[in-house]
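Have a look at the structure below, then the notes.
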Amino acid sequence: MEAESEPYVRLATLRTLHRVVADLNAARSLAGTLQAVVEGAVHGLGFDAAAVSLVRPDGDLVVAAVWEVEESGVGGPAVLLGQVGSRESWDRMLSVSDHWGTLRFLPYDRGWAIGTDVPTWTGDGPLPVYANDWHPRDFLFAPMYSAGGDLLGVLSVDRPRSGKRPGAWTREALEMFSLQASIAIGNARLRAEMQRALARLEKEQQALRASEESFRQAFEYAPSGMAITELHGAARGQLTRVNDALCRLLGRPRATLRRQSFADLVHPEDLALLQRTSAEGGRAELRLSRRDGGYQWVCLRNSVVADAGEGPSFLLTHVEDIEDRKRHELQLAHRASHDALTGLPNGAELRTRLGRRLCSLPPAAAAGHGPAFAHPEFSYSAHTAYDGPGGPTALAHGYGTSDPAFDRDLEAFAAGEVLSRFDHDPAHVHTAVPAEQPDGPEPWNAGHGAHRAPGAPDKGLAVLFCDLDGFKSINDRFGHNAGDAVLIEVARRLQQAVREGDTVARLGGDEFVVLADGIGREEAKDLAGRLRNAIIPPMRIDNRAMRVGVSLGIGWAGCGMSIEEVLHAADERMYDEKRARGGSVRGTRGERSHRRAG
C-alpha cells in the first residue's frame, strides 16, 4: 500500500484491488471463493496474514480459510483451520472493539474480551515504539453480511506490511473488499445450494425412472390382470392401460380394452356391485365378459395412485381370476340345495323358494294386494334361470337378486314361526289362496279353509304333492339300483310335464313336490292330470318294464301360512286322494315303509 500521508491513491493500488475482486467472482466453488478472499486480503491490501471464519448453520463460526505470506513455524493462522468459536464469544468480542466504519479493531490492551473458545493467533512482529505502531496482539476484523443483514462470516487480517495501524485508505479499501467478499460468498453459497438441489433432483429423477421401470415391469409381467383407469376429464372411467395377463384372461386385444371401461365389461347383474365398490381399497367379486360371449369370474381390488400436489391421479385395479374357485363354490352350494340322485331341488331348497312367497300378512289383507303372478320378479317363473348348476345357489350367495329378509328368517319360518315380513319388506308381493269353484273342492284339490278370504284372486301358488305307488315293491324285488333308476326317470318325466317356470323338487324317498305359481284351480287340476299321465306309462329299466302309480294332492299357499303348514295341507290332500281311490293308506310320516333316498 502507498504511504498513508500520500494525498492521492496510485493507479497500481486500484488495479490490484480490482484484480483481487475479479478473482473473488471467478471462483467456481465456495471453498475457492473463501480462499480467494484471504489471498486477496494478503496480496491486494498489504497484510501478511488473513483468515475467514464462516457462520455455520448452528450459528457458531468455523475457520474455513487462512493465508499468510510466509508460513510461521508455530502459532500461525494455518493451525486454526477447522477450529470453531461460539457465536456468543464472537459477538462479545466484536461489541467491545473500536468501530472503524464497518470494521472492528480490538487493540492489544483489550485482549481480555477474547473468549477462550475463539480461535486466535499471535503475530511474531516487533513491539510498538510509537502509538500508531501495530502490536502483535492487535486484531482487525471485517464482518461480512448478506443482503438481508445476516452475518455470513468474519475476515480477520494481521500484520500490516507497513508496521503501522491501517490508515483511512487501507480501512476504506478493506471495507470495500469485505463488501465484495460478502457478495461473492453469498453467490458461492447460492451456487452450491443450486448444485446440491440439482444433484438431489437428478438423484430423485433417477429414482423415479427406476421406480417407473419397476412399476412398468411389475405391471406388464404380472401373472394376474392389471388395469389403470382414468379418474378425471372426458376419459373418466376408461381403461387407459392394461397388461397382457388381462388381455389373455378376457380374450380381448389391448387396443379394444383401452377403448372400454369396466362398466362396459361387467355382467348386467353385477353392475350395481361394481358401482358400489369404492375406489380406495375397494374389493368386489363379479363377472366380466369375454370375447367369446361368456363371462369370467374375477376379483377386483382397487387402489388410488395419487400425486402429492394434485390429488388422485388414476385408479390401479388388480384383476384376479377366481373362475375355478367360484365354480367350486357354486358346485358345493348346488349339491347342498339339490338332490344328488335326481338333480332336482331338495327339501331345503323347496322350503327356500316357498318361503320367499309367504309373509305374515293376514289373508284378507293379502287378497287386496292382487295375485302373486302380477309381479313375475317375485314369482317362481322369475327364478327359472337359477334351476341349473348356477341356479338357486347364485341367489343364496348373493350373485343374483336375492331376498335378504327371507335369508335372515328362513330357519325360524321353516320351524313354523310366522314372520312379520310385511313390516320390513314393502316390495313383497302377497300370495293369496284362489277362490274355490262353486261345486266345492275335490278330495285331492283343496285349499286351506282358514286362509281363504272373500274377494280372493282366481290364481295363486299351487303346491302339488306327489307320492309314488308301488315303488317299494320295485325296491324289494329288483334292488336299490333299479329303484334309483325309477326315481331318476320319474324326475325327468315330471320336469317335462310342468310349465316353464314351475319348480319340481324331491322332498325325499319317493315324494316329489311341484310349485306352480300364477295358476288357477282348473289349471292346477289339468297340471295334476298331466303329471299322473307322465308317470303311469311303463319305463324300461335294465331291460325290464316297470310301472309305478302316483297319488297327488293339491294344496294352496297363502300369506299368513307357515312353510310346514303349506306342505302339510298338500300332503293331506294327497292322502284324501289315495283314500278316494281305495289305495292303501300308510301311517304317519315316521311309520312310512318306503325308502327315503337322497
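Residue numbering restarts at 1 in every chain; chains get A, B, ... in the order shown in the C-alpha cells, and ligands count up from 1 in that same order.
Every residue of segment 485-545 of chain A with a DSSP assignment of strand (DSSP E), taken from the backbone, is listed as Thr503, Val504, Ala505, Arg506, Leu507, Gly508, Glu511, Phe512, Val513, Val514, Leu515, Ala516, Asp517, Gly518, Ile519, Gly520, Met539, Arg540, Ile541, Arg544 and Ala545 of chain A.
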Can you list every residue of segment 536-584 of chain A that has an atom at most 6 Å from segment 456-469 of chain A, with its nearest atom pair and the distance in Å to one decimal, using only C-alpha atoms, ordered by chain then number, as a tab-separated table?
residue	atom	partner	partner_atom	distance
A:Val548	CA	A:Asp469	CA	5.7
A:Gly549	CA	A:Asp469	CA	4.5
A:Val550	CA	A:Leu468	CA	4.3
A:Ser551	CA	A:Asp467	CA	5.2
A:Leu552	CA	A:Cys466	CA	4.7
A:Gly553	CA	A:Phe465	CA	5.1
A:Ile554	CA	A:Leu464	CA	4.5
A:Gly555	CA	A:Val463	CA	5.0
A:Trp556	CA	A:Ala462	CA	4.7
A:Ala557	CA	A:Leu461	CA	5.6
A:Ala570	CA	A:Phe465	CA	5.6
A:Asp571	CA	A:Phe465	CA	5.9
Nearest candidate to Met194 of chain A (options A:Met93, A:Gly479, A:Leu274, A:Ser29; using only C-alpha atoms) = A:Ser29
task = Name the residues in contact with Asn25 of chain A at a cut-off of 10 Å, using only C-alpha atoms, excluding same-chain residues fewer than 5 positions from it; report them as a VMD selection string.
result = chain A and resid 20 32 to 33 36 180 to 181 183 to 185 187 to 188
task = Extract the full set of helix (DSSP H, G or I) residues from segment 165-378 of chain A according to DSSP on the backbone, and format it as a PyMOL selection string.
result = chain A and resi 168-220+244-250+254-257+262-265+268-276+323-337+347-355+363-367+372-374+376-378
Just write the chosen residues, C-alpha atoms, as an mmCIF file, in the first residue's frame.
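What follows is the written file again03.cif:
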data_model
loop_
_atom_site.group_PDB
_atom_site.id
_atom_site.type_symbol
_atom_site.label_atom_id
_atom_site.label_comp_id
_atom_site.auth_asym_id
_atom_site.auth_seq_id
_atom_site.Cartn_x
_atom_site.Cartn_y
_atom_site.Cartn_z
ATOM 1 C CA ALA A 168 -8.050 5.810 6.286
ATOM 2 C CA TRP A 169 -7.320 4.493 2.772
ATOM 3 C CA THR A 170 -6.467 0.985 3.892
ATOM 4 C CA ARG A 171 -9.561 0.885 6.078
ATOM 5 C CA GLU A 172 -11.784 2.041 3.238
ATOM 6 C CA ALA A 173 -10.156 -0.431 0.853
ATOM 7 C CA LEU A 174 -10.683 -3.248 3.405
ATOM 8 C CA GLU A 175 -14.353 -2.224 3.810
ATOM 9 C CA MET A 176 -14.861 -2.277 0.060
ATOM 10 C CA PHE A 177 -13.091 -5.599 -0.240
ATOM 11 C CA SER A 178 -15.132 -7.181 2.583
ATOM 12 C CA LEU A 179 -18.349 -5.971 0.944
ATOM 13 C CA GLN A 180 -17.371 -7.593 -2.331
ATOM 14 C CA ALA A 181 -16.245 -10.691 -0.451
ATOM 15 C CA SER A 182 -19.662 -10.983 1.269
ATOM 16 C CA ILE A 183 -21.388 -10.747 -2.131
ATOM 17 C CA ALA A 184 -19.049 -13.376 -3.597
ATOM 18 C CA ILE A 185 -19.569 -15.697 -0.598
ATOM 19 C CA GLY A 186 -23.369 -15.287 -0.856
ATOM 20 C CA ASN A 187 -23.263 -16.078 -4.572
ATOM 21 C CA ALA A 188 -20.990 -19.054 -3.965
ATOM 22 C CA ARG A 189 -23.367 -20.387 -1.330
ATOM 23 C CA LEU A 190 -26.302 -19.925 -3.690
ATOM 24 C CA ARG A 191 -24.427 -21.758 -6.432
ATOM 25 C CA ALA A 192 -23.554 -24.542 -4.002
ATOM 26 C CA GLU A 193 -27.195 -24.838 -2.899
ATOM 27 C CA MET A 194 -28.300 -24.901 -6.525
ATOM 28 C CA GLN A 195 -25.757 -27.583 -7.318
ATOM 29 C CA ARG A 196 -26.899 -29.627 -4.340
ATOM 30 C CA ALA A 197 -30.528 -29.129 -5.385
ATOM 31 C CA LEU A 198 -29.711 -30.164 -8.942
ATOM 32 C CA ALA A 199 -27.877 -33.203 -7.629
ATOM 33 C CA ARG A 200 -30.857 -34.104 -5.430
ATOM 34 C CA LEU A 201 -33.211 -33.540 -8.354
ATOM 35 C CA GLU A 202 -31.126 -35.731 -10.616
ATOM 36 C CA LYS A 203 -30.999 -38.391 -7.929
ATOM 37 C CA GLU A 204 -34.757 -38.178 -7.439
ATOM 38 C CA GLN A 205 -35.309 -38.344 -11.188
ATOM 39 C CA GLN A 206 -33.096 -41.401 -11.395
ATOM 40 C CA ALA A 207 -35.026 -42.967 -8.542
ATOM 41 C CA LEU A 208 -38.301 -42.013 -10.262
ATOM 42 C CA ARG A 209 -37.157 -43.525 -13.536
ATOM 43 C CA ALA A 210 -36.087 -46.668 -11.695
ATOM 44 C CA SER A 211 -39.416 -46.764 -9.863
ATOM 45 C CA GLU A 212 -41.361 -46.253 -13.087
ATOM 46 C CA GLU A 213 -39.402 -49.008 -14.756
ATOM 47 C CA SER A 214 -40.003 -51.309 -11.794
ATOM 48 C CA PHE A 215 -43.716 -50.469 -11.904
ATOM 49 C CA ARG A 216 -43.815 -51.000 -15.667
ATOM 50 C CA GLN A 217 -42.222 -54.417 -15.379
ATOM 51 C CA ALA A 218 -44.395 -55.387 -12.398
ATOM 52 C CA PHE A 219 -47.489 -54.181 -14.279
ATOM 53 C CA GLU A 220 -46.703 -55.689 -17.663
ATOM 54 C CA ASP A 244 -51.086 -58.949 -21.255
ATOM 55 C CA ALA A 245 -52.487 -61.126 -18.457
ATOM 56 C CA LEU A 246 -55.805 -59.223 -18.529
ATOM 57 C CA CYS A 247 -55.930 -59.451 -22.319
ATOM 58 C CA ARG A 248 -55.434 -63.219 -22.112
ATOM 59 C CA LEU A 249 -57.975 -63.579 -19.324
ATOM 60 C CA LEU A 250 -60.739 -61.844 -21.271
ATOM 61 C CA ARG A 254 -55.139 -54.463 -25.821
ATOM 62 C CA ALA A 255 -56.418 -51.870 -28.303
ATOM 63 C CA THR A 256 -60.020 -52.963 -27.719
ATOM 64 C CA LEU A 257 -59.797 -52.919 -23.930
ATOM 65 C CA PHE A 262 -65.159 -51.995 -16.509
ATOM 66 C CA ALA A 263 -68.784 -50.839 -16.666
ATOM 67 C CA ASP A 264 -68.812 -51.898 -20.338
ATOM 68 C CA LEU A 265 -67.433 -55.338 -19.480
ATOM 69 C CA PRO A 268 -75.509 -56.618 -16.069
ATOM 70 C CA GLU A 269 -76.414 -58.231 -12.751
ATOM 71 C CA ASP A 270 -73.068 -57.131 -11.259
ATOM 72 C CA LEU A 271 -73.155 -53.514 -12.464
ATOM 73 C CA ALA A 272 -74.638 -52.189 -9.212
ATOM 74 C CA LEU A 273 -71.957 -54.045 -7.228
ATOM 75 C CA LEU A 274 -69.243 -52.514 -9.396
ATOM 76 C CA GLN A 275 -70.674 -49.026 -8.872
ATOM 77 C CA ARG A 276 -70.782 -49.547 -5.098
ATOM 78 C CA GLU A 323 -63.304 -68.823 -12.032
ATOM 79 C CA ASP A 324 -62.208 -72.185 -10.590
ATOM 80 C CA ARG A 325 -62.955 -71.146 -7.018
ATOM 81 C CA LYS A 326 -66.364 -69.780 -7.962
ATOM 82 C CA ARG A 327 -67.212 -72.876 -9.941
ATOM 83 C CA HIS A 328 -66.224 -74.991 -6.959
ATOM 84 C CA GLU A 329 -68.289 -72.821 -4.599
ATOM 85 C CA LEU A 330 -71.309 -72.994 -6.894
ATOM 86 C CA GLN A 331 -70.955 -76.728 -7.222
ATOM 87 C CA LEU A 332 -70.792 -77.152 -3.446
ATOM 88 C CA ALA A 333 -73.779 -74.879 -2.956
ATOM 89 C CA HIS A 334 -75.671 -76.672 -5.721
ATOM 90 C CA ARG A 335 -75.021 -80.006 -4.016
ATOM 91 C CA ALA A 336 -76.329 -78.561 -0.758
ATOM 92 C CA SER A 337 -79.553 -77.351 -2.398
ATOM 93 C CA GLY A 347 -86.335 -80.225 0.531
ATOM 94 C CA ALA A 348 -84.274 -77.328 1.867
ATOM 95 C CA GLU A 349 -84.347 -75.547 -1.475
ATOM 96 C CA LEU A 350 -88.065 -76.219 -1.805
ATOM 97 C CA ARG A 351 -88.656 -74.521 1.537
ATOM 98 C CA THR A 352 -86.400 -71.654 0.491
ATOM 99 C CA ARG A 353 -88.399 -70.981 -2.665
ATOM 100 C CA LEU A 354 -91.709 -71.411 -0.928
ATOM 101 C CA GLY A 355 -90.674 -69.152 1.923
ATOM 102 C CA PRO A 363 -105.323 -63.419 4.283
ATOM 103 C CA ALA A 364 -107.977 -60.697 3.989
ATOM 104 C CA ALA A 365 -105.326 -58.033 3.537
ATOM 105 C CA ALA A 366 -103.275 -60.248 1.219
ATOM 106 C CA ALA A 367 -106.265 -60.727 -1.076
ATOM 107 C CA ALA A 372 -98.771 -63.364 -6.910
ATOM 108 C CA PHE A 373 -98.166 -63.673 -10.628
ATOM 109 C CA ALA A 374 -98.821 -59.965 -11.138
ATOM 110 C CA PRO A 376 -93.006 -62.069 -12.110
ATOM 111 C CA GLU A 377 -89.953 -60.684 -10.413
ATOM 112 C CA PHE A 378 -91.112 -62.339 -7.235
#
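For the atom pair formed by atom CA of Arg110 of chain A and atom CA of Ser97 of chain A, the distance is 8.1 Å, given to one decimal.
Remark: for Gly237 of chain A, the closest of the candidate residues A:Arg258, A:Arg252, A:Arg544, A:Arg28 is A:Arg258 (distances computed over only C-alpha atoms).
Of the residues under consideration (A:Val154, A:Val69, A:Ile322, A:Val52), A:Val154 shows the shortest atom-to-atom contact distance to Leu103 of chain A when counting only C-alpha atoms.
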key: Shell around Glu230 of chain A at 9 Å using only C-alpha atoms, local window under 2 positions removed, as a PyMOL selection string   = chain A and resi 228+232-233+235-240+313-315
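What separates atom CA of Val55 of chain A from atom CA of Arg92 of chain A is a distance of 15.5 Å.
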